[in-house]
>>> print(open('my_file12.pdb').read())   # PDB, C-alpha atoms and all ligand atoms
ATOM      1  CA  MET J   1     -16.925   0.864 -23.930
ATOM      2  CA  THR J   2     -18.918   3.832 -22.609
ATOM      3  CA  LEU J   3     -19.145   3.676 -18.830
ATOM      4  CA  LEU J   4     -20.915   6.946 -18.125
ATOM      5  CA  SER J   5     -22.849   9.116 -20.528
ATOM      6  CA  VAL J   6     -23.991  12.587 -19.508
ATOM      7  CA  LYS J   7     -26.265  14.578 -21.779
ATOM      8  CA  GLY J   8     -27.497  18.155 -21.464
ATOM      9  CA  LEU J   9     -26.884  18.266 -17.717
ATOM     10  CA  THR J  10     -28.152  21.477 -16.118
ATOM     11  CA  LYS J  11     -28.440  22.675 -12.521
ATOM     12  CA  ASN J  12     -30.106  25.926 -11.560
ATOM     13  CA  PHE J  13     -29.898  27.450  -8.094
ATOM     14  CA  GLY J  14     -32.689  30.027  -8.217
ATOM     15  CA  GLY J  15     -31.643  32.417 -10.967
ATOM     16  CA  LEU J  16     -28.078  31.060 -11.158
ATOM     17  CA  CYS J  17     -27.276  28.386 -13.716
ATOM     18  CA  ALA J  18     -24.308  26.600 -12.059
ATOM     19  CA  VAL J  19     -24.117  23.832 -14.700
ATOM     20  CA  SER J  20     -25.527  24.544 -18.123
ATOM     21  CA  ASN J  21     -26.254  21.897 -20.755
ATOM     22  CA  VAL J  22     -23.048  19.894 -20.161
ATOM     23  CA  SER J  23     -22.480  16.592 -21.960
ATOM     24  CA  MET J  24     -19.665  14.125 -21.290
ATOM     25  CA  GLU J  25     -18.817  10.595 -22.441
ATOM     26  CA  ILE J  26     -16.532   8.581 -20.183
ATOM     27  CA  GLY J  27     -15.009   5.365 -21.447
ATOM     28  CA  GLU J  28     -13.875   2.485 -19.237
ATOM     29  CA  GLY J  29     -10.366   2.994 -17.841
ATOM     30  CA  GLU J  30     -10.049   6.634 -18.870
ATOM     31  CA  LEU J  31      -8.351   9.282 -16.767
ATOM     32  CA  ILE J  32     -10.237  12.516 -17.311
ATOM     33  CA  GLY J  33      -9.601  16.026 -16.016
ATOM     34  CA  LEU J  34     -12.270  18.619 -15.303
ATOM     35  CA  ILE J  35     -10.878  22.125 -15.079
ATOM     36  CA  GLY J  36     -12.185  25.679 -15.049
ATOM     37  CA  PRO J  37     -11.858  28.942 -13.139
ATOM     38  CA  ASN J  38     -13.288  29.314  -9.621
ATOM     39  CA  GLY J  39     -17.069  29.049  -9.554
ATOM     40  CA  ALA J  40     -17.221  27.431 -13.018
ATOM     41  CA  GLY J  41     -19.510  24.638 -11.777
ATOM     42  CA  LYS J  42     -17.039  21.750 -11.411
ATOM     43  CA  THR J  43     -18.035  20.636  -7.904
ATOM     44  CA  THR J  44     -21.718  21.076  -8.734
ATOM     45  CA  PHE J  45     -21.159  18.770 -11.727
ATOM     46  CA  PHE J  46     -19.620  16.123  -9.404
ATOM     47  CA  ASN J  47     -22.493  16.612  -6.961
ATOM     48  CA  LEU J  48     -24.973  15.913  -9.763
ATOM     49  CA  LEU J  49     -23.153  12.742 -10.844
ATOM     50  CA  THR J  50     -22.853  11.381  -7.309
ATOM     51  CA  GLY J  51     -26.452  11.993  -6.253
ATOM     52  CA  VAL J  52     -25.928  14.988  -3.969
ATOM     53  CA  TYR J  53     -28.117  17.158  -6.230
ATOM     54  CA  GLU J  54     -30.949  16.335  -8.586
ATOM     55  CA  PRO J  55     -30.426  17.766 -12.051
ATOM     56  CA  SER J  56     -32.759  20.532 -13.264
ATOM     57  CA  GLU J  57     -32.438  18.996 -16.735
ATOM     58  CA  GLY J  58     -30.469  16.347 -18.561
ATOM     59  CA  THR J  59     -29.593  12.678 -18.203
ATOM     60  CA  ILE J  60     -26.825  10.704 -16.488
ATOM     61  CA  GLU J  61     -26.546   7.100 -17.672
ATOM     62  CA  LEU J  62     -24.230   4.506 -16.173
ATOM     63  CA  ASN J  63     -23.381   1.236 -17.835
ATOM     64  CA  VAL J  64     -24.665  -1.415 -15.424
ATOM     65  CA  ASN J  65     -23.984  -4.950 -16.697
ATOM     66  CA  GLY J  66     -24.008  -3.732 -20.287
ATOM     67  CA  LYS J  67     -27.223  -1.721 -19.951
ATOM     68  CA  MET J  68     -27.193   2.097 -19.854
ATOM     69  CA  THR J  69     -29.139   2.944 -16.687
ATOM     70  CA  ASP J  70     -30.418   6.372 -15.693
ATOM     71  CA  ILE J  71     -28.903   7.327 -12.332
ATOM     72  CA  ALA J  72     -29.892  11.022 -12.286
ATOM     73  CA  GLY J  73     -31.420  11.937  -8.929
ATOM     74  CA  MET J  74     -30.539   8.602  -7.275
ATOM     75  CA  LYS J  75     -29.556   8.802  -3.605
ATOM     76  CA  PRO J  76     -25.782   8.993  -2.966
ATOM     77  CA  TYR J  77     -25.643   5.567  -1.195
ATOM     78  CA  ARG J  78     -27.302   3.936  -4.199
ATOM     79  CA  VAL J  79     -24.899   5.657  -6.600
ATOM     80  CA  THR J  80     -22.003   4.339  -4.461
ATOM     81  CA  GLN J  81     -23.469   0.831  -4.616
ATOM     82  CA  LEU J  82     -23.499   1.104  -8.401
ATOM     83  CA  GLY J  83     -19.779   1.888  -8.389
ATOM     84  CA  LEU J  84     -19.258   5.641  -8.151
ATOM     85  CA  ALA J  85     -17.046   6.861  -5.306
ATOM     86  CA  ARG J  86     -15.611  10.271  -4.574
ATOM     87  CA  THR J  87     -13.419  12.445  -2.426
ATOM     88  CA  PHE J  88     -14.353  15.945  -1.352
ATOM     89  CA  GLN J  89     -12.747  19.349  -1.799
ATOM     90  CA  ASN J  90     -13.072  19.936   1.942
ATOM     91  CA  ILE J  91     -11.768  16.729   3.505
ATOM     92  CA  ARG J  92     -14.517  14.658   5.149
ATOM     93  CA  LEU J  93     -12.781  12.037   7.254
ATOM     94  CA  PHE J  94     -13.965  10.776  10.631
ATOM     95  CA  LYS J  95     -11.426  12.900  12.469
ATOM     96  CA  SER J  96     -11.302  11.079  15.787
ATOM     97  CA  MET J  97     -11.007   7.637  14.176
ATOM     98  CA  THR J  98      -7.706   6.084  13.168
ATOM     99  CA  ALA J  99      -6.592   5.890   9.549
ATOM    100  CA  ILE J 100      -7.463   2.215   9.295
ATOM    101  CA  GLU J 101     -10.866   2.668  10.938
ATOM    102  CA  ASN J 102     -11.683   5.299   8.312
ATOM    103  CA  VAL J 103     -10.960   2.786   5.561
ATOM    104  CA  LYS J 104     -12.753  -0.117   7.258
ATOM    105  CA  ILE J 105     -15.921   1.855   7.765
ATOM    106  CA  ALA J 106     -16.173   2.387   4.011
ATOM    107  CA  MET J 107     -16.190  -1.384   3.466
ATOM    108  CA  HIS J 108     -19.466  -1.882   5.291
ATOM    109  CA  LYS J 109     -21.401  -2.255   2.054
ATOM    110  CA  ASP J 110     -19.798  -5.604   1.285
ATOM    111  CA  ILE J 111     -19.389  -7.093   4.735
ATOM    112  CA  ARG J 112     -20.529 -10.702   4.482
ATOM    113  CA  TYR J 113     -21.723 -11.664   7.967
ATOM    114  CA  GLY J 114     -25.173 -11.230   9.416
ATOM    115  CA  SER J 115     -25.982  -9.350  12.609
ATOM    116  CA  LEU J 116     -26.538 -12.671  14.423
ATOM    117  CA  SER J 117     -22.958 -13.781  13.617
ATOM    118  CA  ALA J 118     -21.713 -10.476  14.985
ATOM    119  CA  ILE J 119     -23.755 -10.684  18.210
ATOM    120  CA  LEU J 120     -22.841 -14.337  18.842
ATOM    121  CA  ARG J 121     -19.258 -13.794  17.674
ATOM    122  CA  LEU J 122     -19.469 -16.806  15.345
ATOM    123  CA  PRO J 123     -16.361 -17.931  13.363
ATOM    124  CA  SER J 124     -17.789 -16.312  10.208
ATOM    125  CA  TYR J 125     -17.679 -12.972  12.027
ATOM    126  CA  TYR J 126     -13.973 -13.278  12.904
ATOM    127  CA  LYS J 127     -13.109 -14.523   9.421
ATOM    128  CA  GLU J 128     -14.839 -11.572   7.820
ATOM    129  CA  GLU J 129     -13.285  -9.093  10.253
ATOM    130  CA  GLU J 130      -9.845 -10.485   9.345
ATOM    131  CA  ARG J 131     -10.549 -10.042   5.642
ATOM    132  CA  VAL J 132     -11.676  -6.448   6.158
ATOM    133  CA  GLU J 133      -8.575  -5.712   8.265
ATOM    134  CA  ARG J 134      -6.278  -7.248   5.615
ATOM    135  CA  GLU J 135      -7.893  -5.353   2.738
ATOM    136  CA  ALA J 136      -7.815  -2.075   4.641
ATOM    137  CA  GLN J 137      -4.098  -2.608   5.355
ATOM    138  CA  GLU J 138      -3.463  -3.281   1.660
ATOM    139  CA  LEU J 139      -5.253  -0.065   0.676
ATOM    140  CA  LEU J 140      -3.225   1.908   3.193
ATOM    141  CA  LYS J 141      -0.047   0.424   1.682
ATOM    142  CA  VAL J 142      -1.175   1.576  -1.766
ATOM    143  CA  VAL J 143      -1.527   5.192  -0.610
ATOM    144  CA  GLY J 144       1.654   5.032   1.506
ATOM    145  CA  LEU J 145      -0.033   5.242   4.918
ATOM    146  CA  TYR J 146       0.433   1.722   6.271
ATOM    147  CA  GLU J 147       2.903   2.870   8.932
ATOM    148  CA  LYS J 148       0.374   5.451  10.108
ATOM    149  CA  ARG J 149      -2.598   3.104  10.195
ATOM    150  CA  ASN J 150      -3.187   3.539  13.927
ATOM    151  CA  GLU J 151      -2.884   7.319  14.006
ATOM    152  CA  ARG J 152      -5.949   9.465  14.395
ATOM    153  CA  ALA J 153      -7.019  10.985  11.079
ATOM    154  CA  ASP J 154      -6.815  14.530  12.410
ATOM    155  CA  ASN J 155      -3.200  14.009  13.512
ATOM    156  CA  LEU J 156      -2.109  13.319   9.937
ATOM    157  CA  PRO J 157      -0.649  16.148   7.872
ATOM    158  CA  TYR J 158      -3.008  17.619   5.297
ATOM    159  CA  GLY J 159      -1.474  15.818   2.297
ATOM    160  CA  GLU J 160      -1.792  12.465   4.081
ATOM    161  CA  GLN J 161      -5.424  13.164   4.965
ATOM    162  CA  ARG J 162      -6.084  13.611   1.249
ATOM    163  CA  ARG J 163      -4.385  10.264   0.542
ATOM    164  CA  LEU J 164      -6.474   8.653   3.262
ATOM    165  CA  GLU J 165      -9.622   9.978   1.589
ATOM    166  CA  ILE J 166      -8.510   8.265  -1.608
ATOM    167  CA  ALA J 167      -7.961   4.961   0.248
ATOM    168  CA  ARG J 168     -11.407   5.289   1.789
ATOM    169  CA  ALA J 169     -13.013   5.938  -1.598
ATOM    170  CA  LEU J 170     -11.187   2.890  -3.018
ATOM    171  CA  ALA J 171     -12.535   0.760  -0.174
ATOM    172  CA  ALA J 172     -15.968   1.008  -1.793
ATOM    173  CA  ARG J 173     -14.463  -0.836  -4.831
ATOM    174  CA  PRO J 174     -15.591   1.808  -7.292
ATOM    175  CA  ARG J 175     -15.724   1.550 -11.053
ATOM    176  CA  ILE J 176     -15.382   5.317 -11.317
ATOM    177  CA  LEU J 177     -13.455   7.400  -8.815
ATOM    178  CA  PHE J 178     -14.182  11.134  -8.668
ATOM    179  CA  LEU J 179     -11.427  13.194  -7.055
ATOM    180  CA  ASP J 180     -12.286  16.785  -6.129
ATOM    181  CA  GLU J 181      -9.066  18.809  -6.020
ATOM    182  CA  PRO J 182      -6.856  16.016  -4.658
ATOM    183  CA  ALA J 183      -3.736  18.217  -4.694
ATOM    184  CA  ALA J 184      -5.284  21.214  -2.913
ATOM    185  CA  GLY J 185      -2.970  22.466  -0.170
ATOM    186  CA  MET J 186      -0.088  20.192  -1.191
ATOM    187  CA  ASN J 187       3.478  21.349  -1.798
ATOM    188  CA  PRO J 188       5.166  20.593  -5.164
ATOM    189  CA  GLN J 189       6.821  17.363  -3.895
ATOM    190  CA  GLU J 190       3.561  16.085  -2.421
ATOM    191  CA  THR J 191       1.766  16.953  -5.672
ATOM    192  CA  ALA J 192       4.365  15.097  -7.746
ATOM    193  CA  SER J 193       4.018  11.982  -5.634
ATOM    194  CA  LEU J 194       0.209  12.246  -5.702
ATOM    195  CA  THR J 195       0.346  12.514  -9.503
ATOM    196  CA  GLN J 196       2.216   9.202  -9.578
ATOM    197  CA  LEU J 197      -0.215   7.633  -7.113
ATOM    198  CA  ILE J 198      -3.293   8.548  -9.177
ATOM    199  CA  HIS J 199      -1.698   7.119 -12.289
ATOM    200  CA  GLN J 200      -0.747   3.936 -10.438
ATOM    201  CA  ILE J 201      -4.262   3.531  -8.982
ATOM    202  CA  ARG J 202      -5.827   3.804 -12.426
ATOM    203  CA  ASN J 203      -3.475   1.156 -13.803
ATOM    204  CA  ASP J 204      -3.413  -1.252 -10.832
ATOM    205  CA  PHE J 205      -7.113  -1.104  -9.967
ATOM    206  CA  ARG J 206      -8.200  -0.783 -13.609
ATOM    207  CA  ILE J 207     -10.699   1.897 -12.714
ATOM    208  CA  THR J 208     -11.857   5.058 -14.385
ATOM    209  CA  ILE J 209     -10.855   8.330 -12.761
ATOM    210  CA  VAL J 210     -12.331  11.802 -13.191
ATOM    211  CA  LEU J 211     -10.561  14.584 -11.340
ATOM    212  CA  ILE J 212     -11.140  18.255 -10.695
ATOM    213  CA  GLU J 213      -7.860  20.036 -10.225
ATOM    214  CA  HIS J 214      -6.416  23.533 -10.328
ATOM    215  CA  ASP J 215      -2.824  22.252 -10.461
ATOM    216  CA  MET J 216      -2.199  22.235 -14.213
ATOM    217  CA  SER J 217       1.069  20.284 -13.965
ATOM    218  CA  LEU J 218      -0.874  17.357 -12.491
ATOM    219  CA  VAL J 219      -3.741  17.605 -14.981
ATOM    220  CA  MET J 220      -1.544  17.969 -18.057
ATOM    221  CA  LYS J 221       0.759  15.146 -16.980
ATOM    222  CA  ILE J 222      -1.768  12.373 -16.355
ATOM    223  CA  CYS J 223      -5.139  13.182 -17.911
ATOM    224  CA  GLU J 224      -5.801  11.722 -21.324
ATOM    225  CA  ARG J 225      -8.766  14.000 -21.967
ATOM    226  CA  ILE J 226      -9.745  17.248 -20.354
ATOM    227  CA  TYR J 227     -13.107  19.014 -20.148
ATOM    228  CA  VAL J 228     -13.172  22.744 -19.447
ATOM    229  CA  LEU J 229     -16.072  24.465 -17.706
ATOM    230  CA  ASP J 230     -16.565  28.211 -17.623
ATOM    231  CA  TYR J 231     -19.647  29.880 -16.112
ATOM    232  CA  GLY J 232     -21.338  26.465 -16.026
ATOM    233  CA  LYS J 233     -20.821  25.740 -19.735
ATOM    234  CA  CYS J 234     -18.425  23.255 -21.279
ATOM    235  CA  ILE J 235     -16.256  25.442 -23.505
ATOM    236  CA  ALA J 236     -13.814  22.759 -24.681
ATOM    237  CA  ASN J 237     -12.794  19.141 -24.430
ATOM    238  CA  GLY J 238      -9.790  17.384 -25.871
ATOM    239  CA  THR J 239      -6.280  16.115 -25.232
ATOM    240  CA  PRO J 240      -3.979  18.154 -22.957
ATOM    241  CA  GLN J 241      -2.226  19.517 -26.056
ATOM    242  CA  GLU J 242      -5.510  20.573 -27.665
ATOM    243  CA  ILE J 243      -6.679  22.229 -24.461
ATOM    244  CA  LYS J 244      -3.414  24.143 -24.015
ATOM    245  CA  ASN J 245      -3.832  25.663 -27.457
ATOM    246  CA  ASN J 246      -7.593  26.270 -27.356
ATOM    247  CA  GLU J 247      -8.366  29.990 -27.711
ATOM    248  CA  PHE J 248     -11.565  29.830 -25.589
ATOM    249  CA  VAL J 249      -9.660  28.140 -22.782
ATOM    250  CA  ILE J 250      -6.846  30.677 -22.943
ATOM    251  CA  LYS J 251      -9.446  33.456 -22.751
ATOM    252  CA  ALA J 252     -11.215  31.837 -19.753
ATOM    253  CA  TYR J 253      -7.893  31.624 -17.915
ATOM    254  CA  LEU J 254      -6.846  35.115 -19.011
ATOM    255  CA  GLY J 255      -3.402  35.841 -17.699
ATOM    256  CA  GLU J 256      -2.969  32.482 -15.980
ATOM    257  CA  GLU J 257      -0.580  29.813 -17.132
ATOM    258  CA  ILE J 258      -2.300  26.677 -18.424
TER     259      ILE J 258
HETATM  260  N1  LIG J 301     -25.966  24.865  -3.063
HETATM  261  C1  LIG J 301     -25.786  25.983  -3.780
HETATM  262  N2  LIG J 301     -26.696  26.993  -3.737
HETATM  263  C2  LIG J 301     -26.545  28.121  -4.476
HETATM  264  N3  LIG J 301     -25.484  28.349  -5.285
HETATM  265  C3  LIG J 301     -24.550  27.383  -5.357
HETATM  266  C4  LIG J 301     -24.640  26.153  -4.616
HETATM  267  N4  LIG J 301     -23.555  25.395  -4.902
HETATM  268  C5  LIG J 301     -22.817  26.105  -5.770
HETATM  269  N5  LIG J 301     -23.402  27.295  -6.041
HETATM  270  C6  LIG J 301     -22.918  28.312  -6.981
HETATM  271  O1  LIG J 301     -22.747  27.678  -8.229
HETATM  272  C7  LIG J 301     -21.588  28.169  -8.893
HETATM  273  C8  LIG J 301     -20.644  27.017  -9.202
HETATM  274  O2  LIG J 301     -20.055  26.563  -7.970
HETATM  275  P1  LIG J 301     -19.104  25.305  -7.891
HETATM  276  O3  LIG J 301     -18.715  25.145  -6.467
HETATM  277  O4  LIG J 301     -19.716  24.166  -8.577
HETATM  278  O5  LIG J 301     -17.845  25.830  -8.742
HETATM  279  P2  LIG J 301     -16.383  25.211  -8.873
HETATM  280  O6  LIG J 301     -16.027  25.260 -10.311
HETATM  281  O7  LIG J 301     -16.333  23.902  -8.199
HETATM  282  O8  LIG J 301     -15.526  26.295  -8.071
HETATM  283  P3  LIG J 301     -14.111  26.133  -7.259
HETATM  284  O9  LIG J 301     -13.055  25.840  -8.287
HETATM  285  O10 LIG J 301     -13.952  27.501  -6.649
HETATM  286  O11 LIG J 301     -14.310  25.048  -6.267
HETATM  287  C9  LIG J 301     -20.986  29.232  -7.979
HETATM  288  O12 LIG J 301     -21.444  30.494  -8.401
HETATM  289  C10 LIG J 301     -21.533  28.855  -6.610
HETATM  290  O13 LIG J 301     -21.633  29.999  -5.790
END
>>> encode(input="my_file12.pdb", output="C-alpha cells", more="lines below")
Ligand SMILES: Nc1ncnc2c1ncn2[C@@H]1O[C@H](COP(=O)(O)OP(=O)(O)OP(=O)(O)O)[C@@H](O)[C@H]1O
Amino acid sequence: MTLLSVKGLTKNFGGLCAVSNVSMEIGEGELIGLIGPNGAGKTTFFNLLTGVYEPSEGTIELNVNGKMTDIAGMKPYRVTQLGLARTFQNIRLFKSMTAIENVKIAMHKDIRYGSLSAILRLPSYYKEEERVEREAQELLKVVGLYEKRNERADNLPYGEQRRLEIARALAARPRILFLDEPAAGMNPQETASLTQLIHQIRNDFRITIVLIEHDMSLVMKICERIYVLDYGKCIANGTPQEIKNNEFVIKAYLGEEI
C-alpha cells in the first residue's frame, strides 16, 4: 500500500533550485535511504515533506485512512499529527531537560486529561501521568537509554543524544519516521549498533523509515530501496545492489567509495 506519494517536487531559493522535480513512492513498512553528495538537496527534501518549507511546485500526498491527502505546505505540527516525525541533522533536544523529560514532552499531543483535571489534580491526571511516564521509560529502553533517563540531555555523549532524538520522534507515534543523518559524528561501533536499532525499530514498531545518511555501510546494510539526489535532481533509485552499480551514481560520487 502506498503511504506517501511525492510527485514533481521542486523548491527554489531565489535562483537556486535546491530540489528539482523529484518524485518518490513510499510503501507501508519500507526502509528507504536518501543519499547524495553535500548540498544535493536531501535536507531540503525532508523539510518539504515535514512542512518546514512550502514547495515551489509539486504534490505530496499522504494516505490518511485510505484516502490520498495533499499535505504540501501544511504546518509542521499538523504534519506530525498526521503521522510524520523526524530527527534533525543538528540535534534539537531540550538541552537542560532530562532524557525522560525530552521524551515525555513529545507525547503532549495525545495526553488524555483536560486542563481542569491537571489544575485540580484529579485521579485522571495522575493516571495519565503514570501512563506517559511508563511509555517514555519503554521508549528509552528501546534506544538503550533507560539507565540514563534522569541525566540532562546535554550531559549525554553525542551518539546517545542522537538515540534520544529517535526516542523523542517515536513518542509522537509516527507512521513515517524521517531520520536526518542519524549516524553523523558516531564511531564505527556506535554506527553498527545504531544500524541494528533502526532495523529493530522498523520491525517492532511496524513503521516506515526514510533516512538521509552519508555512512554507506549503514545505508547499504538496511535500506531496501535507495534514492540518489545530485544537484537537486533524483538521478537514480533502486536496490542497494542496483545503486552500487549505477553509472550516474558512481559519477556523482566520483572517487568516493559507495
Ligand atoms: N533556506 C535556504 N535558503 C537558501 N538556500 C538554501 C536553504 N536551504 C538550503 N539551501 C541550499 O540548497 C542546497 C541544498 O541544501 P541541502 O541542505 O538540502 O543539501 P543536503 O543534500 O542536505 O546537504 P548535506 O549533505 O551537506 O547536509 C544547498 O546549495 C544549500 O546551500
>>> closest_atom_pairs(input="my_file12.pdb", of="chain J", to="ligand LIG 301 (chain J)", cutoff="6 Å", atoms="all atoms listed in the file", output="CSV")
residue,atom,partner,partner_atom,distance
J:Phe13,CA,J:LIG301,C2,5.0
J:Ala18,CA,J:LIG301,O1,4.3
J:Pro37,CA,J:LIG301,O9,5.9
J:Asn38,CA,J:LIG301,O10,3.5
J:Gly39,CA,J:LIG301,O5,3.4
J:Ala40,CA,J:LIG301,O6,3.7
J:Gly41,CA,J:LIG301,O4,3.2
J:Lys42,CA,J:LIG301,O6,3.8
J:Thr43,CA,J:LIG301,O7,3.7
J:Thr44,CA,J:LIG301,O4,3.7
>>> closest_residue(input="my_file12.pdb", among="J:Ile176, J:Ile166, J:Cys223, J:Met107", to="Ile207 in chain J", atoms="all atoms listed in the file")
J:Ile176
>>> closest_residue(input="my_file12.pdb", among="J:Gly51, J:Gly58, J:Pro174, J:Gly29", to="Gly73 in chain J", atoms="all atoms listed in the file")
J:Gly51
>>> residues_around(input="my_file12.pdb", residues="Met216 in chain J", least_positions_apart="5", cutoff="12 Å", atoms="all atoms listed in the file", output="ChimeraX atom specification")
/J:33-37,181,183-184,188,191-192,195,211,221-223,226,240,243-244,253,256-258
>>> residues_around(input="my_file12.pdb", residues="Glu160 in chain J", least_positions_apart="5", cutoff="12 Å", atoms="all atoms listed in the file", output="PyMOL selection string")
chain J and resi 91+93+99+140+143-149+151-155+165-167+182-187+190-191+193-194
>>> closest_residue(input="my_file12.pdb", among="J:Leu3, J:Gln81, J:Glu54, J:Cys234", to="Lys67 in chain J", atoms="all atoms listed in the file")
J:Leu3
>>> atom_distance(input="my_file12.pdb", atom1="CA of Lys75 in chain J", atom2="CA of Phe45 in chain J")
15.4 Å
>>> residues_around(input="my_file12.pdb", residues="Ala85 in chain J", least_positions_apart="6", cutoff="10 Å", atoms="all atoms listed in the file", output="ChimeraX atom specification")
/J:50,76-77,79,166,168-179,209
>>> atom_distance(input="my_file12.pdb", atom1="CA of Val22 in chain J", atom2="CA of Ser5 in chain J")
10.8 Å
>>> closest_residue(input="my_file12.pdb", among="J:Thr208, J:Met1, J:Asn203, J:Ile198", to="Leu84 in chain J", atoms="only C-alpha atoms")
J:Thr208
>>> axis_aligned_box(input="my_file12.pdb", around="range 61-78 of chain J", padding_each_side="5 Å", output="JSON")
{"center_x": -27.4, "center_y": 3.5, "center_z": -10.7, "size_x": 18.0, "size_y": 26.9, "size_z": 29.1}
>>> atom_distance(input="my_file12.pdb", atom1="CA of Leu229 in chain J", atom2="CA of Val19 in chain J")
8.6 Å
